[in-house]
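A.B. asks: structure-v3.txt is reproduced in full below (compact mmCIF, C-alpha atoms).
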```txt
# COMPACT_ATOMS: atom_id res chain seq x y z
CA MET A 353 -30.46 -60.05 -35.81
CA HIS A 354 -33.55 -61.90 -36.96
CA GLY A 355 -35.27 -61.67 -33.57
CA LEU A 356 -35.43 -57.82 -33.50
CA PRO A 357 -38.39 -55.96 -35.10
CA ARG A 358 -37.62 -54.30 -38.41
CA ARG A 359 -37.58 -50.44 -38.34
CA ARG A 360 -39.97 -48.65 -40.63
CA SER A 361 -38.47 -46.44 -43.23
CA ASP A 362 -38.71 -42.66 -42.84
CA ALA A 363 -40.87 -42.45 -45.97
CA ALA A 364 -43.44 -44.89 -44.59
CA PHE A 365 -43.50 -43.09 -41.25
CA SER A 366 -44.04 -39.71 -42.96
CA LEU A 367 -46.91 -41.12 -45.02
CA VAL A 368 -48.67 -42.43 -41.92
CA GLU A 369 -48.23 -39.09 -40.18
CA LEU A 370 -49.62 -37.27 -43.20
CA LEU A 371 -52.70 -39.48 -43.30
CA VAL A 372 -53.33 -38.91 -39.60
CA VAL A 373 -53.02 -35.14 -39.98
CA VAL A 374 -55.36 -35.10 -42.99
CA SER A 375 -57.93 -37.14 -41.05
CA ILE A 376 -57.77 -34.78 -38.08
CA VAL A 377 -58.16 -31.71 -40.30
CA ALA A 378 -61.18 -33.28 -42.02
CA VAL A 379 -62.83 -34.02 -38.68
CA ILE A 380 -62.19 -30.49 -37.41
CA ALA A 381 -63.52 -28.98 -40.65
CA GLY A 382 -66.65 -31.10 -40.36
CA VAL A 383 -67.21 -29.98 -36.79
CA VAL A 384 -66.73 -26.32 -37.73
CA LEU A 385 -69.16 -26.58 -40.64
CA THR A 386 -71.72 -28.34 -38.47
CA GLN A 387 -71.41 -25.65 -35.81
CA TYR A 388 -71.75 -22.93 -38.45
CA ASP A 389 -74.90 -24.55 -39.83
CA SER A 390 -76.30 -24.88 -36.32
CA VAL A 391 -75.58 -21.25 -35.44
CA SER A 392 -77.05 -20.01 -38.73
CA HIS A 393 -80.14 -22.15 -38.19
CA ASP A 394 -80.55 -20.82 -34.64
CA GLN A 395 -80.14 -17.23 -35.82
CA MET A 396 -82.83 -17.64 -38.44
CA LEU A 397 -85.19 -19.37 -36.04
CA GLY A 398 -84.61 -16.76 -33.31
CA THR A 399 -85.28 -13.90 -35.72
CA ALA A 400 -88.43 -15.60 -36.99
CA GLN A 401 -89.68 -16.01 -33.42
CA VAL A 402 -89.21 -12.30 -32.70
CA ILE A 403 -91.11 -11.30 -35.84
CA ALA A 404 -93.87 -13.80 -35.07
CA ALA A 405 -94.17 -12.29 -31.58
CA ASP A 406 -94.53 -8.79 -33.05
CA ILE A 407 -97.16 -10.07 -35.47
CA THR A 408 -99.08 -11.58 -32.54
CA ARG A 409 -98.71 -8.26 -30.71
CA ALA A 410 -100.22 -6.34 -33.63
CA ARG A 411 -103.10 -8.80 -33.83
CA ASN A 412 -103.78 -8.60 -30.09
CA LEU A 413 -103.76 -4.79 -30.17
CA ALA A 414 -106.33 -4.85 -32.98
CA VAL A 415 -108.60 -7.23 -31.07
CA THR A 416 -108.21 -5.46 -27.71
CA ASN A 417 -108.86 -1.97 -29.06
CA ASN A 418 -111.46 -3.03 -31.65
CA THR A 419 -109.52 -1.34 -34.46
CA SER A 420 -106.80 -2.11 -36.99
CA TYR A 421 -102.99 -2.16 -36.86
CA LYS A 422 -100.56 -2.51 -39.74
CA ILE A 423 -97.00 -3.81 -40.04
CA THR A 424 -95.07 -2.43 -43.02
CA PHE A 425 -91.95 -4.23 -44.23
CA ASP A 426 -88.88 -2.51 -45.68
CA ARG A 427 -86.67 -5.00 -47.53
CA ALA A 428 -84.01 -2.45 -48.44
CA GLY A 429 -83.71 -1.26 -44.84
CA ASN A 430 -84.04 -4.78 -43.41
CA ARG A 431 -86.70 -3.63 -40.95
CA TYR A 432 -90.43 -3.41 -40.31
CA THR A 433 -92.70 -0.82 -38.68
CA LEU A 434 -95.85 -1.23 -36.59
CA ALA A 435 -98.47 1.54 -36.54
CA HIS A 436 -102.14 2.06 -35.73
CA SER A 437 -104.16 2.22 -38.96
CA GLY A 438 -107.68 2.66 -37.57
CA PRO A 439 -109.78 5.86 -37.53
CA ASN A 440 -109.43 6.57 -33.77
CA ASN A 441 -106.43 8.91 -33.45
CA ALA A 442 -106.35 8.42 -29.68
CA LEU A 443 -104.93 4.96 -30.30
CA ASP A 444 -102.03 6.18 -32.44
CA VAL A 445 -99.65 6.17 -29.45
CA LEU A 446 -98.40 2.60 -29.14
CA PRO A 447 -97.64 0.77 -25.90
CA VAL A 448 -93.98 0.19 -25.11
CA SER A 449 -92.33 -2.67 -27.01
CA ALA A 450 -89.43 -4.80 -25.78
CA PHE A 451 -87.53 -4.31 -29.05
CA HIS A 452 -88.48 -0.67 -29.64
CA SER A 453 -86.09 2.15 -28.78
CA ALA A 454 -87.42 4.51 -26.12
CA SER A 455 -86.01 7.45 -28.07
CA GLY A 456 -87.96 6.54 -31.20
CA SER A 457 -91.43 7.53 -32.33
CA THR A 458 -94.34 6.79 -30.02
CA THR A 459 -96.72 6.24 -32.94
CA GLN A 460 -94.48 4.04 -35.07
CA HIS A 461 -92.40 1.21 -33.68
CA THR A 462 -89.61 0.23 -36.07
CA THR A 463 -87.64 -2.97 -35.55
CA ASN A 464 -84.30 -3.47 -37.31
CA LEU A 465 -83.43 -7.11 -37.85
CA SER A 466 -79.72 -6.40 -37.48
CA SER A 467 -80.33 -4.94 -33.99
CA LEU A 468 -82.27 -7.84 -32.52
CA PRO A 469 -80.74 -9.51 -29.46
CA SER A 470 -81.22 -12.98 -30.93
CA GLY A 471 -77.90 -12.95 -32.79
CA SER A 472 -79.59 -12.05 -36.05
CA SER A 473 -76.48 -10.77 -37.79
CA GLY A 474 -76.61 -12.02 -41.38
CA VAL A 475 -80.37 -12.72 -41.31
CA ARG A 476 -82.34 -10.43 -43.58
CA LEU A 477 -85.86 -9.78 -44.75
CA ALA A 478 -86.01 -11.52 -48.12
CA VAL A 479 -89.55 -11.01 -49.40
CA VAL A 480 -93.19 -10.89 -48.26
CA GLU A 481 -95.70 -12.88 -50.29
CA ALA A 482 -99.48 -13.09 -50.39
CA ASN A 483 -100.81 -16.37 -51.65
CA ASP A 484 -104.24 -17.87 -52.17
CA SER A 485 -104.28 -21.53 -51.13
CA MET A 486 -106.20 -22.30 -54.33
CA MET A 487 -103.36 -20.83 -56.43
CA ALA A 488 -100.34 -22.13 -54.55
CA GLY A 489 -97.99 -21.57 -57.46
CA PHE A 490 -98.76 -17.90 -58.09
CA PRO A 491 -98.15 -15.72 -55.00
CA GLN A 492 -97.64 -11.98 -55.27
CA GLN A 493 -95.21 -9.68 -53.50
CA VAL A 494 -96.66 -7.35 -50.86
CA THR A 495 -95.17 -4.87 -48.41
CA ASP A 496 -97.49 -5.02 -45.38
CA ILE A 497 -99.95 -6.95 -43.31
CA GLU A 498 -102.92 -5.41 -41.48
CA PHE A 499 -105.09 -6.89 -38.71
CA GLY A 500 -108.75 -6.10 -38.11
CA PRO A 501 -110.78 -6.00 -34.87
CA PHE A 502 -111.50 -9.74 -35.00
CA GLY A 503 -107.87 -10.70 -35.42
CA GLU A 504 -108.29 -11.37 -39.11
CA THR A 505 -106.07 -9.87 -41.77
CA THR A 506 -107.60 -7.26 -44.03
CA ARG A 507 -106.13 -9.13 -46.99
CA SER A 508 -108.02 -12.33 -47.77
CA LEU A 509 -104.82 -14.01 -48.98
CA ARG A 510 -102.44 -15.97 -46.81
CA THR A 511 -99.32 -13.88 -46.08
CA THR A 512 -95.82 -15.33 -45.71
CA ILE A 513 -92.79 -13.38 -44.50
CA TRP A 514 -89.57 -14.91 -45.76
CA LEU A 515 -86.22 -14.47 -44.02
CA ALA A 516 -82.93 -15.37 -45.70
CA ALA A 517 -79.33 -16.02 -44.70
CA GLY A 518 -76.26 -16.72 -46.80
CA GLN A 519 -75.17 -15.76 -50.28
CA ARG A 520 -77.19 -16.11 -53.46
CA LYS A 521 -75.98 -19.60 -54.39
CA GLY A 522 -76.14 -21.02 -50.87
CA GLN A 523 -79.05 -19.18 -49.33
CA ARG A 524 -81.44 -20.64 -46.81
CA PHE A 525 -84.93 -19.41 -46.07
CA ILE A 526 -87.48 -19.62 -43.29
CA GLY A 527 -91.10 -18.51 -43.62
CA ILE A 528 -93.56 -17.01 -41.14
CA GLU A 529 -97.07 -17.72 -42.36
CA ILE A 530 -100.13 -15.73 -41.22
CA ASP A 531 -103.58 -17.23 -41.58
CA PRO A 532 -105.98 -14.65 -43.08
CA ILE A 533 -108.97 -15.77 -40.99
CA THR A 534 -107.48 -16.19 -37.53
CA GLY A 535 -104.42 -13.96 -37.90
CA PHE A 536 -102.29 -16.57 -36.14
CA ALA A 537 -98.64 -16.85 -37.19
CA SER A 538 -96.75 -20.09 -37.63
CA ILE A 539 -93.05 -20.60 -38.33
CA GLY A 540 -91.92 -23.08 -40.96
CA ARG A 541 -88.67 -24.97 -41.36
CA VAL A 542 -85.38 -23.71 -42.69
CA GLN A 543 -85.19 -24.62 -46.36
CA THR A 544 -83.01 -24.11 -49.42
CA ALA A 545 -85.91 -23.72 -51.86
CA VAL A 546 -86.23 -20.11 -53.05
CA PRO A 547 -89.66 -18.45 -52.56
CA TYR A 548 -91.65 -18.19 -55.76
CA THR A 549 -91.64 -14.41 -56.30
CA LEU A 550 -88.00 -14.14 -55.24
CA ALA A 551 -86.99 -16.85 -57.73
CA GLU A 552 -88.76 -14.91 -60.48
CA GLU A 553 -86.97 -11.75 -59.39
CA TYR A 554 -83.61 -13.52 -59.39
CA MET A 555 -84.27 -14.92 -62.86
CA ASN A 556 -85.09 -11.46 -64.23
CA GLU A 557 -81.91 -10.07 -62.67
CA GLU A 558 -79.85 -12.87 -64.22
CA MET A 559 -81.42 -12.30 -67.64
CA GLU A 560 -80.85 -8.55 -67.42
CA SER A 561 -77.24 -9.09 -66.35
CA TYR A 562 -76.68 -11.55 -69.21
CA TYR A 563 -78.22 -9.14 -71.74
CA THR A 564 -76.08 -6.24 -70.48
CA GLU A 565 -72.92 -8.36 -70.59
CA PHE A 566 -73.75 -9.59 -74.09
CA THR A 567 -74.46 -6.05 -75.34
CA ASN A 568 -71.27 -4.64 -73.85
CA SER A 569 -69.25 -7.50 -75.32
CA ALA A 570 -70.76 -6.97 -78.77
CA GLU A 571 -70.11 -3.23 -78.67
CA SER A 572 -66.55 -3.83 -77.49
CA ASN A 573 -65.85 -6.29 -80.32
CA TYR A 574 -67.34 -3.91 -82.87
CA SER A 575 -65.25 -0.97 -81.70
CA GLU A 576 -62.09 -3.07 -81.73
CA THR A 577 -62.54 -4.29 -85.33
CA ASP A 578 -59.57 -3.29 -87.51
CA TYR A 579 -60.79 -2.03 -90.85
CA SER A 580 -57.25 -1.36 -92.09
CA ASP A 581 -57.02 -4.88 -93.48
CA THR A 582 -55.47 -5.20 -96.92
CA TYR A 583 -58.71 -6.54 -98.35
CA TYR A 584 -60.67 -3.54 -97.18
CA SER A 585 -57.90 -1.19 -98.30
CA ASP A 586 -57.83 -2.66 -101.79
CA PHE A 587 -61.58 -2.53 -101.96
CA SER A 588 -61.78 1.07 -100.82
CA ASP A 589 -58.96 2.15 -103.16
CA SER A 590 -60.82 0.95 -106.27
CA ASN A 591 -61.84 3.94 -108.37
CA TYR A 592 -65.41 2.98 -109.03
CA GLY A 593 -66.47 6.56 -108.82
CA ASP A 594 -63.98 7.75 -111.42
CA THR A 595 -65.57 7.23 -114.84
CA GLY A 596 -62.39 8.36 -116.55
CA SER A 597 -60.53 5.32 -115.34
CA LEU A 598 -63.04 2.84 -116.73
CA ASP A 599 -62.40 1.34 -120.15
CA TYR A 600 -65.58 0.63 -122.04
CA SER A 601 -63.76 -0.29 -125.28
CA ASN A 602 -64.01 -4.01 -124.66
CA PRO A 603 -63.53 -5.77 -128.02
CA MET A 604 -66.41 -8.16 -127.30
CA SER A 605 -68.83 -5.41 -126.56
CA SER A 606 -67.60 -3.38 -129.53
CA GLU A 607 -68.06 -6.24 -131.96
CA LEU A 608 -71.49 -6.99 -130.51
CA ASP A 609 -72.59 -3.44 -130.92
CA SER A 610 -71.35 -3.18 -134.51
CA SER A 611 -72.96 -6.40 -135.64
CA THR A 612 -76.30 -5.97 -133.97
CA ALA A 613 -79.06 -5.23 -136.46
CA TYR A 614 -82.23 -3.52 -135.25
```
Using structure tokens, write down the structure from this file.
C.D. replies:
Amino acid sequence: MHGLPRRRSDAAFSLVELLVVVSIVAVIAGVVLTQYDSVSHDQMLGTAQVIAADITRARNLAVTNNTSYKITFDRAGNRYTLAHSGPNNALDVLPVSAFHSASGSTTQHTTNLSSLPSGSSGVRLAVVEANDSMMAGFPQQVTDIEFGPFGETTRSLRTTIWLAAGQRKGQRFIGIEIDPITGFASIGRVQTAVPYTLAEEYMNEEMESYYTEFTNSAESNYSETDYSDTYYSDFSDSNYGDTGSLDYSNPMSSELDSSTAY
């Protein structure tokens, strides 16, 4: 009857359902990615705050005790260690730290980034740089930072501790910068730009990897070359070393020799 609504075909209905499902999956994927980014950002920020607090602690100990304290960073071990570096041995025993194990050394407090309670799994110590503000493009890699009795750092350069999360192609970084005069630490923003010295290190690794791959490929191709080709066989079978097989009685040369007058 003309007054009844026309039924949609099964094909049209399936297409609509498919579009709805795809839209829902896209929304869910977007939410998951956003949550992942948020968690990763919070992990990096939380880890940076813990390190900044330990840096402030080292500075305050140096000022309070009128001496010097040093934090040494271990990239390979993803950790850092605080110790007294002044001449007064009576100050070598450190006060208790919130993130230091009671069963550990009393003169060296080591903090592992992977063991921090701030959900720092996946956050690692990327590199520590010292940089003069007048030469912003040419920092140098360092392994420690030391505070003097006035809260200053014993290095006149500005020091930045870089943390990283993610894989090589999609890494993010956050820096903790220490002023050399005041010794105060400040935390920067999460960024995708690679720190200068780390970018140089990555480039050298890529070049070395490319050179190794190229060398191995060249050696492999050379070893796989087949020298049993007919051309090479014919060439090698020629008796150029056998003077008995050579015929020097060429008529042209004979006639030339006989007619030449000296």
A.B. asks: Quick one: of A:Arg427, A:Ala442, A:Leu515, A:Thr506, who's nearest to Val402 of chain A, counting only C-alpha atoms?
C.D. replies: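 Answer, going by the shortest atom-to-atom distance: A:Leu515.
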A.B. asks: Pick out the closest residue to Arg431 of chain A from this set: A:Pro501, A:Gly527, A:Arg476, A:Glu552. Count only C-alpha atoms.
C.D. replies: A:Arg476
A.B. asks: Have a look at A:Glu553, A:Glu504, A:Asp531, A:Asp444 and name the one nearest to Gln492 of chain A; count only C-alpha atoms.
C.D. replies: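 Ranking A:Glu553, A:Glu504, A:Asp531, A:Asp444 by distance to Gln492 of chain A, first place goes to A:Glu553.
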A.B. asks: Within 8 Å of Ala516 of chain A, counting all atoms listed in the file, which residues qualify if same-chain residues fewer than 6 places away don't, as a ChimeraX atom specification?
C.D. replies: /A:396,475-478,523-526
A.B. asks: If I take atom CA of Thr512 of chain A and atom CA of Ala428 of chain A, how far is one from the other in Å, to one decimal?
C.D. replies: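 According to the coordinates, atom CA of Thr512 of chain A and atom CA of Ala428 of chain A are separated by 17.7 Å.
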A.B. asks: Counting only C-alpha atoms, which of A:Ala551, A:Met559, A:Gly398, A:Asn418 gets nearest to Lys521 of chain A?
C.D. replies: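 Among A:Ala551, A:Met559, A:Gly398, A:Asn418, it is A:Ala551 that comes nearest to Lys521 of chain A.
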A.B. asks: At a cut-off of 10 Å from (-100.2, -0.3, -33.5) in the coordinates of the file, what residues are picked up using only C-alpha atoms, written as a ChimeraX atom specification?
C.D. replies: /A:409-414,417,419-423,433-438,443-447,458-461,498-499
